[in-house]
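To start, the structure under review is shown below, and the notes come after it.
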Amino acid sequence: MTAQDFMAEHIVRMGHSMAHFVGSTQPDMLNWKKDLGDGKSTRTALEVTAECVQANFYFASLLRGEDGDRPAEPNFSSPGDAQRQIVESAKVLADAVRNLSDEDMDREFIHRVRGPILGKVLMMGAYRNMAYHSGQINLIQSLGGDTEFHLPPTWIGWELPETER
C-alpha cells in the first residue's frame, strides 16, 4: 500500500465518521450556536460540515493541478443531504490523493491563502479539518445534553467496503 492509498482510505473513513456524527446529533442541535456577544457566535454543526465539504473539493482541485478556485459553500436540504455531501466530497478528495505520484509528495501546490504547500502536507489538510470539526460536532452534542460517544462504525473495523472507498 502506498502512502497515498493509506491517506486516501483515512480521508474516506473520516468523511464517513463526520457523516455519522451529523446523523447522531439531535435534530434541534444541528443548527444550534452559542451567542458570544457583540454579534458573534459559534458555528453550527451543519455550518462546519459545509466548510469541510467545501475544503475537500478545494483541496482535491489543488491536488489535481487545477486553478484552485474555492467552490461555493454547499447548502443542505436535510441532515441526510449533509451526510451524503461530506462522504461524496471525501471520496473526491481521496481520488485526488490516490492519483498523486511519489514526486508530487514533495511538489509545491499553491493554496490561494496560505501560499505554497508541499503535496504531503496538503493531502493531510482536509483530513485534519474534518477531524477537528468532528470534535466540534461532538462538543455541540455534549452541550445539548447528549454525553454518549457515538462511535462511528468505520472506527470498529479496518477495511471499508469497496463501494465506500
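If you're wondering about the labels, chains in the C-alpha cells are A, B, ... by order shown, residues count from 1 in each chain, ligands from 1 in order shown.
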
A:Leu122 environment, 12 Å, only C-alpha atoms, sequence neighbours closer than 3 positions dropped, as a PyMOL selection string: chain A and resi 4+7+55-56+58-64+93+96-97+100+104-111+114-119+125-129

Return as a compact mmCIF listing (two decimals) with N, CA, C and O atoms, in the first residue's frame the full set of residues in stretch 25-152 of chain A whose backbone-based DSSP assignment is strand (DSSP E).
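The new file states-v8.txt reads:
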```
# COMPACT_ATOMS: atom_id res chain seq x y z
N ASP A 35 -24.34 32.12 21.40
CA ASP A 35 -24.14 33.55 21.26
C ASP A 35 -22.94 33.95 22.11
O ASP A 35 -22.90 33.68 23.31
N LEU A 36 -21.96 34.59 21.49
CA LEU A 36 -20.75 35.00 22.19
C LEU A 36 -20.74 36.49 22.54
O LEU A 36 -19.78 37.00 23.09
N GLY A 37 -21.83 37.17 22.19
CA GLY A 37 -21.92 38.60 22.44
C GLY A 37 -21.29 39.40 21.31
O GLY A 37 -20.57 38.87 20.46
N LYS A 40 -21.33 38.14 17.73
CA LYS A 40 -20.56 36.97 17.35
C LYS A 40 -21.18 35.71 17.94
O LYS A 40 -21.86 35.77 18.96
N SER A 41 -20.93 34.59 17.28
CA SER A 41 -21.43 33.32 17.79
C SER A 41 -20.54 32.20 17.28
O SER A 41 -19.73 32.40 16.37
N GLU A 108 5.41 21.56 -4.65
CA GLU A 108 4.67 22.67 -4.04
C GLU A 108 3.38 22.91 -4.82
O GLU A 108 3.40 23.04 -6.04
N PHE A 109 2.29 22.97 -4.09
CA PHE A 109 0.98 23.32 -4.62
C PHE A 109 0.65 24.70 -4.05
O PHE A 109 0.99 24.99 -2.91
N ILE A 110 -0.02 25.52 -4.82
CA ILE A 110 -0.29 26.88 -4.38
C ILE A 110 -1.71 27.00 -3.83
O ILE A 110 -2.70 26.88 -4.55
N HIS A 111 -1.79 27.24 -2.54
CA HIS A 111 -3.05 27.49 -1.84
C HIS A 111 -3.32 28.99 -1.95
O HIS A 111 -2.41 29.80 -1.75
N GLY A 115 -0.43 30.11 0.40
CA GLY A 115 0.72 30.08 -0.48
C GLY A 115 1.17 28.66 -0.78
O GLY A 115 0.37 27.73 -0.80
N PRO A 116 2.48 28.46 -1.00
CA PRO A 116 2.97 27.14 -1.39
C PRO A 116 2.90 26.13 -0.23
O PRO A 116 3.28 26.44 0.89
N ILE A 117 2.38 24.95 -0.55
CA ILE A 117 2.29 23.86 0.42
C ILE A 117 2.72 22.58 -0.27
O ILE A 117 2.28 22.29 -1.39
N LEU A 118 3.57 21.80 0.39
CA LEU A 118 4.01 20.53 -0.18
C LEU A 118 2.82 19.56 -0.28
O LEU A 118 1.94 19.56 0.59
```

Close residues, A:Asn31 itself excluded, 7 Å, only C-alpha atoms, min 6 positions apart in chain, as a PyMOL selection string: chain A and resi 44-46

Preceding selection exported with N, CA and C atoms as a PDB file, in the first residue's frame:
```
ATOM      1  N   THR A  44     -22.620  26.402  13.661  1.00  0.00           N
ATOM      2  CA  THR A  44     -23.461  25.231  13.863  1.00  0.00           C
ATOM      3  C   THR A  44     -22.771  23.982  13.330  1.00  0.00           C
ATOM      4  N   ALA A  45     -23.302  22.832  13.715  1.00  0.00           N
ATOM      5  CA  ALA A  45     -22.789  21.559  13.203  1.00  0.00           C
ATOM      6  C   ALA A  45     -22.900  21.509  11.682  1.00  0.00           C
ATOM      7  N   LEU A  46     -23.996  22.021  11.141  1.00  0.00           N
ATOM      8  CA  LEU A  46     -24.156  21.994   9.685  1.00  0.00           C
ATOM      9  C   LEU A  46     -23.241  23.004   8.997  1.00  0.00           C
TER      10      LEU A  46
END
```

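By only C-alpha atoms, and with residues fewer than 2 positions from A:Val22 along its chain excluded, the set lying at most 10 Å from it is A:His16, A:Ser17, A:Met18, A:Ala19, A:His20, A:Ser24, A:Thr25, A:Gln26, A:Pro27, A:Met29, A:Leu30, A:Ala45, A:Leu46, A:Thr49, A:Pro79, A:Gly80, A:Ala82, A:Gln83, A:Ile86, A:Ser134, A:Ile137, A:Asn138, A:Gln141.
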
Counting only C-alpha atoms, the option among A:Met124, A:Ala3, A:Ile156, A:Leu139 closest to A:Lys33: A:Leu139

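Distance check against A:Glu88 using only C-alpha atoms: of A:Ile11, A:Gly39, A:Glu103, A:Thr154, the minimum falls on A:Ile11.
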
Alpha helix (DSSP H) per DSSP on the backbone: members of chain A, as number ranges by chain: A: 3-23, 45-63, 79-98, 119-143
